[in-house]
file data.txt (compact mmCIF, C-alpha atoms)
# COMPACT_ATOMS: atom_id res chain seq x y z
CA MET K 1 7.93 -35.61 -11.15
CA GLY K 2 6.17 -32.69 -12.79
CA ARG K 3 7.80 -29.77 -14.48
CA ARG K 4 8.41 -27.21 -11.82
CA LEU K 5 9.59 -23.62 -12.03
CA ALA K 6 10.90 -22.76 -8.58
CA ILE K 7 10.73 -19.03 -7.93
CA TRP K 8 12.58 -17.91 -4.82
CA PHE K 9 11.55 -14.52 -3.52
CA ASP K 10 12.15 -12.18 -0.58
CA TYR K 11 9.54 -9.60 0.40
CA ALA K 12 12.21 -6.94 0.88
CA SER K 13 13.15 -7.25 -2.80
CA PRO K 14 11.29 -4.93 -5.16
CA TYR K 15 12.61 -6.83 -8.17
CA SER K 16 10.89 -9.89 -6.69
CA TYR K 17 7.66 -7.91 -6.89
CA LEU K 18 8.21 -7.56 -10.64
CA ALA K 19 9.06 -11.22 -11.13
CA VAL K 20 6.21 -12.52 -8.99
CA SER K 21 3.79 -10.27 -10.86
CA ARG K 22 4.98 -11.49 -14.26
CA ILE K 23 5.84 -15.15 -13.92
CA ALA K 24 2.36 -16.67 -14.22
CA ALA K 25 1.56 -14.83 -17.46
CA LEU K 26 4.94 -15.81 -18.93
CA ARG K 27 4.41 -19.42 -17.87
CA ASP K 28 1.00 -19.43 -19.57
CA VAL K 29 2.61 -18.37 -22.85
CA ILE K 30 5.95 -20.18 -22.78
CA LEU K 31 5.34 -23.30 -20.71
CA PRO K 32 1.62 -23.71 -19.99
CA GLU K 33 2.08 -27.19 -18.54
CA ALA K 34 4.63 -26.13 -15.93
CA THR K 35 3.85 -25.62 -12.27
CA ILE K 36 5.18 -22.63 -10.38
CA GLU K 37 6.74 -23.58 -7.08
CA TRP K 38 6.56 -20.54 -4.80
CA GLN K 39 9.58 -20.43 -2.51
CA PRO K 40 9.58 -17.64 0.08
CA PHE K 41 12.91 -17.13 1.83
CA LEU K 42 14.96 -14.43 3.54
CA LEU K 43 18.04 -12.88 2.02
CA GLY K 44 19.21 -11.34 5.30
CA PRO K 45 20.89 -14.48 6.68
CA ILE K 46 22.49 -15.09 3.28
CA PHE K 47 23.83 -11.53 2.99
CA MET K 48 25.32 -11.90 6.47
CA LYS K 49 27.61 -14.57 5.05
CA ARG K 50 29.18 -12.01 2.74
CA ALA K 51 32.51 -10.53 3.66
CA SER K 52 30.97 -7.12 4.22
CA GLY K 53 27.86 -8.53 5.86
CA ALA K 54 25.84 -5.97 3.95
CA GLY K 55 22.68 -6.50 1.98
CA ALA K 56 22.25 -5.65 -1.64
CA PHE K 57 20.40 -2.45 -0.89
CA GLN K 58 22.59 -1.27 1.97
CA ASP K 59 26.02 -1.64 0.37
CA VAL K 60 25.42 0.55 -2.64
CA SER K 61 26.50 4.06 -3.41
CA PRO K 62 23.94 6.87 -3.39
CA ALA K 63 24.18 6.98 -7.20
CA GLU K 64 23.34 3.29 -7.48
CA ARG K 65 20.53 3.52 -4.96
CA GLN K 66 18.98 6.41 -6.86
CA TYR K 67 19.38 4.47 -10.10
CA ARG K 68 17.61 1.40 -8.74
CA TRP K 69 14.50 3.35 -7.78
CA ARG K 70 14.43 4.98 -11.19
CA ASP K 71 14.98 1.62 -12.85
CA LEU K 72 12.07 0.09 -10.90
CA GLU K 73 9.83 3.00 -11.81
CA ARG K 74 10.72 2.67 -15.51
CA LEU K 75 10.28 -1.10 -15.51
CA CYS K 76 6.90 -0.90 -13.80
CA ALA K 77 5.77 1.61 -16.42
CA LEU K 78 7.01 -0.79 -19.11
CA TYR K 79 5.11 -3.72 -17.57
CA SER K 80 2.04 -1.63 -16.66
CA LEU K 81 2.50 -2.59 -13.02
CA PRO K 82 1.41 -0.22 -10.28
CA TRP K 83 4.38 1.18 -8.37
CA GLN K 84 5.08 3.44 -5.44
CA LYS K 85 8.53 3.87 -4.02
CA PRO K 86 8.20 2.76 -0.39
CA ARG K 87 8.86 5.52 2.11
CA ARG K 88 10.63 3.05 4.37
CA TYR K 89 13.04 0.63 2.81
CA PRO K 90 13.76 -2.23 3.16
CA PRO K 91 10.63 -3.57 4.82
CA ARG K 92 10.97 -6.39 7.35
CA GLY K 93 9.48 -9.31 5.47
CA LEU K 94 9.75 -11.94 8.21
CA LEU K 95 6.10 -12.13 9.24
CA ALA K 96 4.93 -11.82 5.64
CA ALA K 97 7.12 -14.80 4.68
CA ARG K 98 5.67 -16.86 7.53
CA VAL K 99 2.11 -15.90 6.57
CA THR K 100 2.94 -16.99 3.03
CA LEU K 101 4.05 -20.43 4.18
CA VAL K 102 0.68 -20.85 5.92
CA ALA K 103 -1.17 -19.65 2.82
CA LEU K 104 0.80 -22.00 0.58
CA ARG K 105 -0.09 -24.95 2.84
CA GLN K 106 -3.74 -23.95 2.61
CA GLY K 107 -3.78 -23.48 -1.15
CA TRP K 108 -4.10 -19.69 -1.43
CA GLY K 109 -0.40 -18.98 -1.61
CA GLU K 110 -0.17 -17.30 -5.00
CA ALA K 111 -2.96 -14.82 -4.26
CA CYS K 112 -1.37 -14.10 -0.89
CA ILE K 113 2.07 -13.47 -2.41
CA ARG K 114 0.75 -11.10 -5.03
CA ALA K 115 -1.35 -9.22 -2.49
CA ILE K 116 1.54 -8.75 -0.06
CA TYR K 117 3.85 -7.45 -2.78
CA ARG K 118 1.14 -5.13 -4.01
CA ALA K 119 0.66 -3.78 -0.50
CA GLY K 120 4.41 -3.14 -0.20
CA PHE K 121 5.31 -1.78 -3.60
CA ALA K 122 2.11 -0.55 -5.22
CA ASP K 123 0.32 0.81 -2.14
CA ASP K 124 3.31 1.69 0.08
CA ARG K 125 1.88 -0.09 3.11
CA ASP K 126 4.27 -1.51 5.69
CA MET K 127 4.15 -5.28 5.30
CA ALA K 128 5.92 -5.69 8.65
CA ASP K 129 2.80 -4.37 10.36
CA PRO K 130 0.45 -7.20 11.45
CA ALA K 131 -2.51 -4.88 10.89
CA VAL K 132 -1.50 -4.42 7.25
CA LEU K 133 -1.01 -8.16 6.79
CA GLY K 134 -4.31 -8.78 8.55
CA ALA K 135 -6.13 -6.48 6.13
CA VAL K 136 -4.46 -8.24 3.18
CA ILE K 137 -5.51 -11.62 4.59
CA ALA K 138 -9.08 -10.45 5.14
CA ASP K 139 -9.25 -9.08 1.58
CA LEU K 140 -8.42 -12.58 0.40
CA GLY K 141 -11.40 -13.97 2.32
CA GLN K 142 -9.30 -15.57 5.05
CA LYS K 143 -9.35 -15.09 8.81
CA PRO K 144 -6.60 -12.70 9.86
CA ASP K 145 -6.36 -13.73 13.53
CA GLU K 146 -6.17 -17.41 12.72
CA ILE K 147 -3.59 -16.97 9.98
CA LEU K 148 -1.40 -14.52 11.90
CA SER K 149 -1.44 -16.84 14.87
CA ALA K 150 -0.63 -19.89 12.72
CA ALA K 151 2.23 -17.93 11.17
CA GLN K 152 3.89 -17.76 14.58
CA ASN K 153 3.77 -21.52 15.16
CA GLU K 154 7.10 -23.12 15.79
CA SER K 155 6.62 -25.40 12.79
CA VAL K 156 6.22 -22.42 10.46
CA LYS K 157 9.25 -20.67 11.91
CA ALA K 158 11.27 -23.84 11.44
CA GLN K 159 9.99 -24.20 7.90
CA LEU K 160 11.16 -20.69 7.00
CA ARG K 161 14.59 -21.38 8.47
CA ALA K 162 14.69 -24.54 6.36
CA GLN K 163 13.78 -22.46 3.30
CA VAL K 164 16.78 -20.21 3.90
CA ASP K 165 19.05 -23.23 4.33
CA ALA K 166 17.68 -24.79 1.14
CA ALA K 167 18.19 -21.55 -0.79
CA MET K 168 21.77 -21.31 0.38
CA ALA K 169 22.41 -24.98 -0.40
CA ALA K 170 21.04 -24.38 -3.91
CA GLY K 171 23.56 -21.57 -4.44
CA ILE K 172 21.00 -18.78 -4.26
CA PHE K 173 22.46 -15.41 -3.27
CA GLY K 174 19.81 -12.94 -4.42
CA ALA K 175 16.13 -12.54 -5.16
CA PRO K 176 14.21 -13.22 -7.23
CA SER K 177 15.87 -16.43 -8.38
CA LEU K 178 14.26 -18.85 -10.77
CA VAL K 179 15.67 -22.35 -10.50
CA VAL K 180 15.14 -24.73 -13.39
CA ASP K 181 16.73 -28.12 -13.39
CA GLY K 182 19.63 -26.90 -11.23
CA GLU K 183 20.22 -23.73 -13.27
CA ILE K 184 19.79 -20.45 -11.43
CA PHE K 185 18.38 -17.41 -13.22
CA TRP K 186 18.84 -14.43 -10.96
CA GLY K 187 16.73 -11.35 -11.21
CA ASN K 188 13.55 -10.22 -12.84
CA ASP K 189 15.73 -9.66 -15.92
CA ARG K 190 16.35 -13.39 -16.32
CA LEU K 191 12.74 -14.57 -16.12
CA GLU K 192 12.21 -14.93 -19.86
CA GLN K 193 15.59 -16.59 -20.33
CA GLY K 194 14.87 -19.05 -17.51
CA LEU K 195 11.52 -20.02 -18.96
CA ALA K 196 13.01 -20.43 -22.43
CA TRP K 197 15.72 -22.58 -20.86
CA ALA K 198 13.11 -24.78 -19.17
CA ARG K 199 11.26 -25.14 -22.43
CA GLN K 200 14.38 -26.30 -24.18
CA VAL K 201 15.33 -28.73 -21.40
CA TRP K 202 11.86 -30.21 -21.07
CA MET K 203 10.65 -30.36 -24.65
CA MET P 1 23.44 18.47 -31.74
CA GLY P 2 23.13 14.98 -33.17
CA ARG P 3 21.43 12.06 -31.56
CA ARG P 4 24.05 10.40 -29.46
CA LEU P 5 24.00 7.13 -27.56
CA ALA P 6 26.76 7.39 -24.97
CA ILE P 7 28.05 3.98 -23.97
CA TRP P 8 30.35 4.00 -20.94
CA PHE P 9 32.49 0.91 -20.58
CA ASP P 10 35.33 -0.46 -18.46
CA TYR P 11 37.65 -3.10 -19.82
CA ALA P 12 37.51 -5.08 -16.58
CA SER P 13 33.76 -5.54 -17.05
CA PRO P 14 32.75 -8.66 -18.96
CA TYR P 15 29.19 -7.38 -19.27
CA SER P 16 30.67 -4.39 -21.09
CA TYR P 17 32.09 -6.89 -23.59
CA LEU P 18 28.53 -8.06 -24.28
CA ALA P 19 27.13 -4.55 -24.60
CA VAL P 20 29.97 -3.26 -26.78
CA SER P 21 29.58 -6.29 -29.05
CA ARG P 22 25.83 -5.78 -29.42
CA ILE P 23 25.19 -2.06 -29.46
CA ALA P 24 26.00 -1.29 -33.09
CA ALA P 25 23.69 -3.99 -34.44
CA LEU P 26 20.90 -2.85 -32.13
CA ARG P 27 21.43 0.76 -33.17
CA ASP P 28 21.21 -0.25 -36.83
CA VAL P 29 17.81 -1.81 -36.21
CA ILE P 30 16.27 0.50 -33.63
CA LEU P 31 17.84 3.89 -34.29
CA PRO P 32 19.86 3.83 -37.51
CA GLU P 33 20.40 7.59 -37.49
CA ALA P 34 21.96 7.67 -34.01
CA THR P 35 25.67 7.99 -33.34
CA ILE P 36 27.36 5.85 -30.74
CA GLU P 37 29.59 7.83 -28.43
CA TRP P 38 32.26 5.47 -27.06
CA GLN P 39 33.17 6.45 -23.52
CA PRO P 40 35.98 4.47 -21.92
CA PHE P 41 36.38 4.98 -18.19
CA LEU P 42 37.58 3.20 -15.06
CA LEU P 43 35.27 1.85 -12.40
CA GLY P 44 38.03 1.41 -9.83
CA PRO P 45 38.11 5.03 -8.62
CA ILE P 46 34.30 5.05 -8.50
CA PHE P 47 34.12 1.82 -6.48
CA MET P 48 36.61 3.29 -4.04
CA LYS P 49 33.99 5.87 -3.13
CA ARG P 50 31.72 3.10 -1.85
CA ALA P 51 31.48 2.49 1.86
CA SER P 52 33.14 -0.90 1.52
CA GLY P 53 35.62 0.32 -1.08
CA ALA P 54 35.13 -2.94 -2.91
CA GLY P 55 34.46 -3.43 -6.58
CA ALA P 56 31.50 -5.26 -7.98
CA PHE P 57 33.48 -8.41 -8.62
CA GLN P 58 35.43 -8.43 -5.38
CA ASP P 59 32.62 -7.93 -2.90
CA VAL P 60 30.48 -10.86 -3.91
CA SER P 61 29.97 -14.21 -2.30
CA PRO P 62 31.47 -17.32 -3.92
CA ALA P 63 27.93 -18.34 -4.96
CA GLU P 64 27.38 -15.04 -6.75
CA ARG P 65 30.81 -15.10 -8.37
CA GLN P 66 30.17 -18.60 -9.71
CA TYR P 67 26.75 -17.50 -10.94
CA ARG P 68 28.14 -14.52 -12.84
CA TRP P 69 30.55 -16.66 -14.85
CA ARG P 70 27.76 -19.09 -15.64
CA ASP P 71 25.47 -16.21 -16.57
CA LEU P 72 28.10 -14.76 -18.93
CA GLU P 73 28.65 -18.16 -20.54
CA ARG P 74 24.90 -18.63 -21.07
CA LEU P 75 24.42 -15.09 -22.43
CA CYS P 76 27.32 -15.44 -24.87
CA ALA P 77 25.81 -18.68 -26.13
CA LEU P 78 22.48 -16.88 -26.53
CA TYR P 79 24.11 -14.01 -28.47
CA SER P 80 26.48 -16.30 -30.42
CA LEU P 81 29.44 -14.39 -29.02
CA PRO P 82 32.75 -16.15 -28.47
CA TRP P 83 33.57 -16.49 -24.78
CA GLN P 84 36.34 -17.78 -22.56
CA LYS P 85 36.36 -17.25 -18.85
CA PRO P 86 39.58 -15.32 -18.19
CA ARG P 87 42.06 -17.22 -16.03
CA ARG P 88 42.99 -13.97 -14.29
CA TYR P 89 40.24 -11.67 -13.24
CA PRO P 90 39.78 -8.73 -13.18
CA PRO P 91 42.26 -7.56 -15.82
CA ARG P 92 43.93 -4.19 -15.36
CA GLY P 93 42.33 -2.13 -18.07
CA LEU P 94 44.24 1.11 -17.55
CA LEU P 95 46.58 0.92 -20.55
CA ALA P 96 43.80 -0.48 -22.76
CA ALA P 97 41.60 2.50 -21.87
CA ARG P 98 44.40 4.93 -22.72
CA VAL P 99 45.06 3.17 -26.03
CA THR P 100 41.36 3.45 -26.75
CA LEU P 101 41.39 7.20 -26.24
CA VAL P 102 44.19 7.47 -28.80
CA ALA P 103 42.31 5.23 -31.21
CA LEU P 104 39.12 7.24 -30.80
CA ARG P 105 41.01 10.46 -31.58
CA GLN P 106 42.39 8.82 -34.70
CA GLY P 107 39.08 7.42 -35.92
CA TRP P 108 39.60 3.69 -35.37
CA GLY P 109 38.11 3.60 -31.88
CA GLU P 110 35.23 1.20 -32.41
CA ALA P 111 37.41 -1.47 -34.05
CA CYS P 112 39.96 -1.04 -31.27
CA ILE P 113 37.37 -1.42 -28.53
CA ARG P 114 35.90 -4.57 -30.02
CA ALA P 115 39.35 -6.09 -30.57
CA ILE P 116 40.50 -5.43 -27.00
CA TYR P 117 37.35 -6.95 -25.51
CA ARG P 118 37.71 -9.95 -27.80
CA ALA P 119 41.30 -10.42 -26.69
CA GLY P 120 40.23 -10.32 -23.05
CA PHE P 121 37.02 -12.31 -23.04
CA ALA P 122 37.01 -14.44 -26.19
CA ASP P 123 40.73 -15.26 -26.40
CA ASP P 124 41.72 -15.03 -22.72
CA ARG P 125 44.71 -12.81 -23.42
CA ASP P 126 45.89 -10.41 -20.74
CA MET P 127 44.95 -6.95 -21.94
CA ALA P 128 47.20 -5.39 -19.29
CA ASP P 129 50.20 -6.76 -21.19
CA PRO P 130 51.61 -4.17 -23.65
CA ALA P 131 52.65 -7.05 -25.94
CA VAL P 132 49.04 -8.23 -26.16
CA LEU P 133 47.80 -4.70 -26.81
CA GLY P 134 50.58 -4.23 -29.37
CA ALA P 135 49.46 -7.32 -31.25
CA VAL P 136 45.86 -6.11 -31.19
CA ILE P 137 46.97 -2.72 -32.51
CA ALA P 138 49.06 -4.31 -35.27
CA ASP P 139 46.13 -6.54 -36.29
CA LEU P 140 44.14 -3.36 -36.83
CA GLY P 141 46.80 -2.06 -39.21
CA GLN P 142 48.19 0.51 -36.78
CA LYS P 143 51.69 0.98 -35.45
CA PRO P 144 51.98 -0.58 -31.97
CA ASP P 145 55.03 1.38 -30.77
CA GLU P 146 53.60 4.72 -31.79
CA ILE P 147 50.20 4.06 -30.29
CA LEU P 148 51.49 2.58 -27.03
CA SER P 149 53.79 5.54 -26.64
CA ALA P 150 51.02 8.03 -27.42
CA ALA P 151 48.84 6.27 -24.87
CA GLN P 152 51.30 7.24 -22.14
CA ASN P 153 51.26 10.94 -23.01
CA GLU P 154 50.24 13.18 -20.17
CA SER P 155 47.33 14.54 -22.21
CA VAL P 156 45.88 11.05 -22.62
CA LYS P 157 46.31 10.26 -18.94
CA ALA P 158 44.57 13.51 -18.07
CA GLN P 159 41.80 12.74 -20.54
CA LEU P 160 41.12 9.38 -18.90
CA ARG P 161 41.01 11.01 -15.46
CA ALA P 162 38.52 13.49 -16.89
CA GLN P 163 36.45 10.59 -18.25
CA VAL P 164 36.22 9.10 -14.75
CA ASP P 165 35.21 12.48 -13.32
CA ALA P 166 32.59 12.92 -16.03
CA ALA P 167 31.19 9.44 -15.41
CA MET P 168 30.90 10.11 -11.71
CA ALA P 169 29.32 13.51 -12.33
CA ALA P 170 26.77 11.84 -14.61
CA GLY P 171 25.79 9.47 -11.80
CA ILE P 172 27.42 6.40 -13.36
CA PHE P 173 28.33 3.69 -10.84
CA GLY P 174 28.74 0.59 -13.02
CA ALA P 175 29.55 -0.59 -16.51
CA PRO P 176 28.32 -0.79 -19.11
CA SER P 177 26.08 2.25 -18.80
CA LEU P 178 24.14 3.68 -21.68
CA VAL P 179 23.23 7.32 -21.20
CA VAL P 180 20.42 8.76 -23.26
CA ASP P 181 19.22 12.24 -22.68
CA GLY P 182 20.28 12.13 -19.01
CA GLU P 183 18.73 8.72 -18.38
CA ILE P 184 21.13 5.98 -17.29
CA PHE P 185 20.56 2.41 -18.42
CA TRP P 186 22.94 0.22 -16.50
CA GLY P 187 24.06 -3.14 -17.72
CA ASN P 188 24.02 -5.16 -20.86
CA ASP P 189 20.48 -6.12 -19.80
CA ARG P 190 19.23 -2.56 -20.31
CA LEU P 191 20.63 -2.00 -23.80
CA GLU P 192 17.39 -2.70 -25.66
CA GLN P 193 15.37 -0.66 -23.17
CA GLY P 194 17.78 2.28 -23.47
CA LEU P 195 17.59 2.27 -27.25
CA ALA P 196 13.81 2.03 -27.19
CA TRP P 197 13.81 4.95 -24.74
CA ALA P 198 15.98 7.01 -27.10
CA ARG P 199 13.68 6.22 -29.97
CA GLN P 200 10.67 7.40 -28.00
CA VAL P 201 12.41 10.58 -26.84
CA TRP P 202 13.79 11.49 -30.24
CA MET P 203 10.98 10.52 -32.59

call {"tool": "encode", "arguments": {"input": "data.txt", "output": "structure tokens"}}
result
Amino acid sequence: MGRRLAIWFDYASPYSYLAVSRIAALRDVILPEATIEWQPFLLGPIFMKRASGAGAFQDVSPAERQYRWRDLERLCALYSLPWQKPRRYPPRGLLAARVTLVALRQGWGEACIRAIYRAGFADDRDMADPAVLGAVIADLGQKPDEILSAAQNESVKAQLRAQVDAAMAAGIFGAPSLVVDGEIFWGNDRLEQGLAWARQVWM
Amino acid sequence: MGRRLAIWFDYASPYSYLAVSRIAALRDVILPEATIEWQPFLLGPIFMKRASGAGAFQDVSPAERQYRWRDLERLCALYSLPWQKPRRYPPRGLLAARVTLVALRQGWGEACIRAIYRAGFADDRDMADPAVLGAVIADLGQKPDEILSAAQNESVKAQLRAQVDAAMAAGIFGAPSLVVDGEIFWGNDRLEQGLAWARQVWM
């Protein structure tokens, strides 16, 4: 069994954009021999299990909502990551997650993930729109019609449901979540700590 | 006007324990000329303004609650801070906050704040208990009866209500919150970023 950093992400989560954009470079420095395991999932069904049934971005006060956008803007400036506050939030990430499962099977998953997040949070394009996803897919040198059609296969839908079940079984309640050897590190803020933890466990 | 780092904290917030324990050492390194402005307040009345009316620690799933305790344990290990998960959570921090206002007026505020947090989160003593607070006060060389009685003066009660109003007016929705030049940095996780921000603004 290789050394695997499982990163669980939801396309509706802007902090997942930060983590997904940073994890490979951190891995290269801290744990070059580790493999990143890309784990798309959906937070929606997990939030529905909460008493209030509300998602992280819905159940916050106006002050907290305003803060989060400012926080994201400041963090992106700090990381030199392109950022645009999406006009519509949260995006529906269902189709994007299914496309990602297809891309991961075919070996172009990481590029696909980064490109979808960039579309959503750097370019303010609606990732729920098949035309937007199609353009992203084409930019990656893949065939949009084929991929979008494969993404709607029953096996892909079932795989995404299984991802959600696996996330919940692992104790995941938010995104991004890095899972190392059974330890959860929740949030872009915990990425460095999670990698340092893995290094200590594995070395 | 001096250079002031306003740190807003609630005694029910374990992450405030981390921030309050770390901020002076960070200030010494990053911004030695800055003054820390200790701002006790209560999150309860602010949480009540939320749609769900629930506080940050009440409205979370069992998975998230379990994660937070683990996260606190790991962070305290990382910072070499003593830690014990409180048997009763959250503590009622009302009297502790009032005592703190008295201590701040009298010039022993910082020591008082650190000692109360240590009682709550390192020693698992109930900070809502006047006997516990009295012992903390006595350890600091102050007179417990006098201070506990002063803490119940109408002027102190009014001052704490004004603190909550000021926090809300400043856009604060969680604790700890560092406020620098109108910018809010929420959470122990943002302490370093907030201080670096202050340094950039002030230098």

call {"tool": "closest_atom_pairs", "arguments": {"input": "data.txt", "of": "segment 62-168 of chain K", "to": "segment 179-200 of chain P", "cutoff": "10 Å", "atoms": "all atoms listed in the file", "output": "JSON lines"}}
result
{"residue": "K:Glu64", "atom": "CA", "partner": "P:Trp186", "partner_atom": "CA", "distance": 9.5}
{"residue": "K:Tyr67", "atom": "CA", "partner": "P:Ile184", "partner_atom": "CA", "distance": 7.6}
{"residue": "K:Arg68", "atom": "CA", "partner": "P:Trp186", "partner_atom": "CA", "distance": 9.5}
{"residue": "K:Arg70", "atom": "CA", "partner": "P:Ile184", "partner_atom": "CA", "distance": 9.1}
{"residue": "K:Asp71", "atom": "CA", "partner": "P:Phe185", "partner_atom": "CA", "distance": 7.9}
{"residue": "K:Arg74", "atom": "CA", "partner": "P:Gln193", "partner_atom": "CA", "distance": 9.6}
{"residue": "K:Leu75", "atom": "CA", "partner": "P:Gln193", "partner_atom": "CA", "distance": 9.2}
{"residue": "K:Leu78", "atom": "CA", "partner": "P:Gln193", "partner_atom": "CA", "distance": 9.3}

call {"tool": "write_last_selection", "arguments": {"input": "data.txt", "atoms": "C-alpha atoms", "output": "PDB file, keeping the file's coordinate frame"}}
result
ATOM      1  CA  GLU K  64      23.340   3.290  -7.480  1.00  0.00           C
ATOM      2  CA  TYR K  67      19.380   4.470 -10.100  1.00  0.00           C
ATOM      3  CA  ARG K  68      17.610   1.400  -8.740  1.00  0.00           C
ATOM      4  CA  ARG K  70      14.430   4.980 -11.190  1.00  0.00           C
ATOM      5  CA  ASP K  71      14.980   1.620 -12.850  1.00  0.00           C
ATOM      6  CA  ARG K  74      10.720   2.670 -15.510  1.00  0.00           C
ATOM      7  CA  LEU K  75      10.280  -1.100 -15.510  1.00  0.00           C
ATOM      8  CA  LEU K  78       7.010  -0.790 -19.110  1.00  0.00           C
TER       9      LEU K  78
END

call {"tool": "residues_near_point", "arguments": {"input": "data.txt", "point": "(35.9, -20.8, -19.9)", "cutoff": "12 Å", "atoms": "all atoms listed in the file", "output": "mmCIF file with C-alpha atoms, in the frame of the given file"}}
result
data_model
loop_
_atom_site.group_PDB
_atom_site.id
_atom_site.type_symbol
_atom_site.label_atom_id
_atom_site.label_comp_id
_atom_site.auth_asym_id
_atom_site.auth_seq_id
_atom_site.Cartn_x
_atom_site.Cartn_y
_atom_site.Cartn_z
ATOM 1 C CA GLN P 66 30.170 -18.600 -9.710
ATOM 2 C CA TRP P 69 30.550 -16.660 -14.850
ATOM 3 C CA ARG P 70 27.760 -19.090 -15.640
ATOM 4 C CA ASP P 71 25.470 -16.210 -16.570
ATOM 5 C CA LEU P 72 28.100 -14.760 -18.930
ATOM 6 C CA GLU P 73 28.650 -18.160 -20.540
ATOM 7 C CA ARG P 74 24.900 -18.630 -21.070
ATOM 8 C CA CYS P 76 27.320 -15.440 -24.870
ATOM 9 C CA PRO P 82 32.750 -16.150 -28.470
ATOM 10 C CA TRP P 83 33.570 -16.490 -24.780
ATOM 11 C CA GLN P 84 36.340 -17.780 -22.560
ATOM 12 C CA LYS P 85 36.360 -17.250 -18.850
ATOM 13 C CA PRO P 86 39.580 -15.320 -18.190
ATOM 14 C CA ARG P 87 42.060 -17.220 -16.030
ATOM 15 C CA ARG P 88 42.990 -13.970 -14.290
ATOM 16 C CA GLY P 120 40.230 -10.320 -23.050
ATOM 17 C CA PHE P 121 37.020 -12.310 -23.040
ATOM 18 C CA ALA P 122 37.010 -14.440 -26.190
ATOM 19 C CA ASP P 123 40.730 -15.260 -26.400
ATOM 20 C CA ASP P 124 41.720 -15.030 -22.720
#

call {"tool": "closest_residue", "arguments": {"input": "data.txt", "among": "K:Gln152, K:Leu31, K:Ala77, K:Leu18", "to": "chain P", "atoms": "only C-alpha atoms"}}
result
K:Ala77

call {"tool": "closest_residue", "arguments": {"input": "data.txt", "among": "K:Arg118, K:Gln106, K:Met168, K:Ala175", "to": "Pro62 of chain P", "atoms": "all atoms listed in the file"}}
result
K:Met168

call {"tool": "axis_aligned_box", "arguments": {"input": "data.txt", "around": "segment 98-110 of chain P", "padding_each_side": "3 Å", "output": "lines of an AutoDock Vina configuration file"}}
result
center_x = 40.1
center_y = 5.8
center_z = -29.3
size_x = 15.8
size_y = 15.3
size_z = 19.2

call {"tool": "closest_residue", "arguments": {"input": "data.txt", "among": "K:Gly171, K:Gln39, K:Ser16, K:Ala103", "to": "Pro144 of chain K", "atoms": "only C-alpha atoms"}}
result
K:Ala103

call {"tool": "atom_distance", "arguments": {"input": "data.txt", "atom1": "atom CA of Val156 of chain P", "atom2": "atom CA of Tyr15 of chain P"}}
result
25.1 Å

call {"tool": "closest_residue", "arguments": {"input": "data.txt", "among": "K:Arg27, K:Arg92, K:Arg22, K:Lys49", "to": "chain P", "atoms": "all atoms listed in the file"}}
result
K:Lys49

call {"tool": "residues_around", "arguments": {"input": "data.txt", "residues": "segment 3-8 of chain K", "least_positions_apart": "2", "cutoff": "6 Å", "atoms": "only C-alpha atoms", "output": "number ranges by chain"}}
result
K: 34-40, 176-180

call {"tool": "residues_around", "arguments": {"input": "data.txt", "residues": "Pro91 of chain K", "least_positions_apart": "3", "cutoff": "7 Å", "atoms": "all atoms listed in the file", "output": "PDB file with C-alpha atoms, keeping the file's coordinate frame"}}
result
ATOM      1  CA  ALA K  12      12.210  -6.940   0.880  1.00  0.00           C
ATOM      2  CA  ARG K  88      10.630   3.050   4.370  1.00  0.00           C
ATOM      3  CA  ASP K 126       4.270  -1.510   5.690  1.00  0.00           C
ATOM      4  CA  MET K 127       4.150  -5.280   5.300  1.00  0.00           C
ATOM      5  CA  ALA K 128       5.920  -5.690   8.650  1.00  0.00           C
TER       6      ALA K 128
END

call {"tool": "atom_distance", "arguments": {"input": "data.txt", "atom1": "atom CA of Tyr89 of chain P", "atom2": "atom CA of Ala63 of chain P"}}
result
16.3 Å

call {"tool": "atom_distance", "arguments": {"input": "data.txt", "atom1": "atom CA of Ala151 of chain K", "atom2": "atom CA of Ala96 of chain K"}}
result
8.7 Å

call {"tool": "closest_residue", "arguments": {"input": "data.txt", "among": "P:Ile113, P:Ala150, P:Val164, P:Val60", "to": "chain K", "atoms": "only C-alpha atoms"}}
result
P:Val60

call {"tool": "closest_residue", "arguments": {"input": "data.txt", "among": "P:Leu101, P:Val201, P:Ile172, P:Ala111", "to": "chain K", "atoms": "only C-alpha atoms"}}
result
P:Ile172
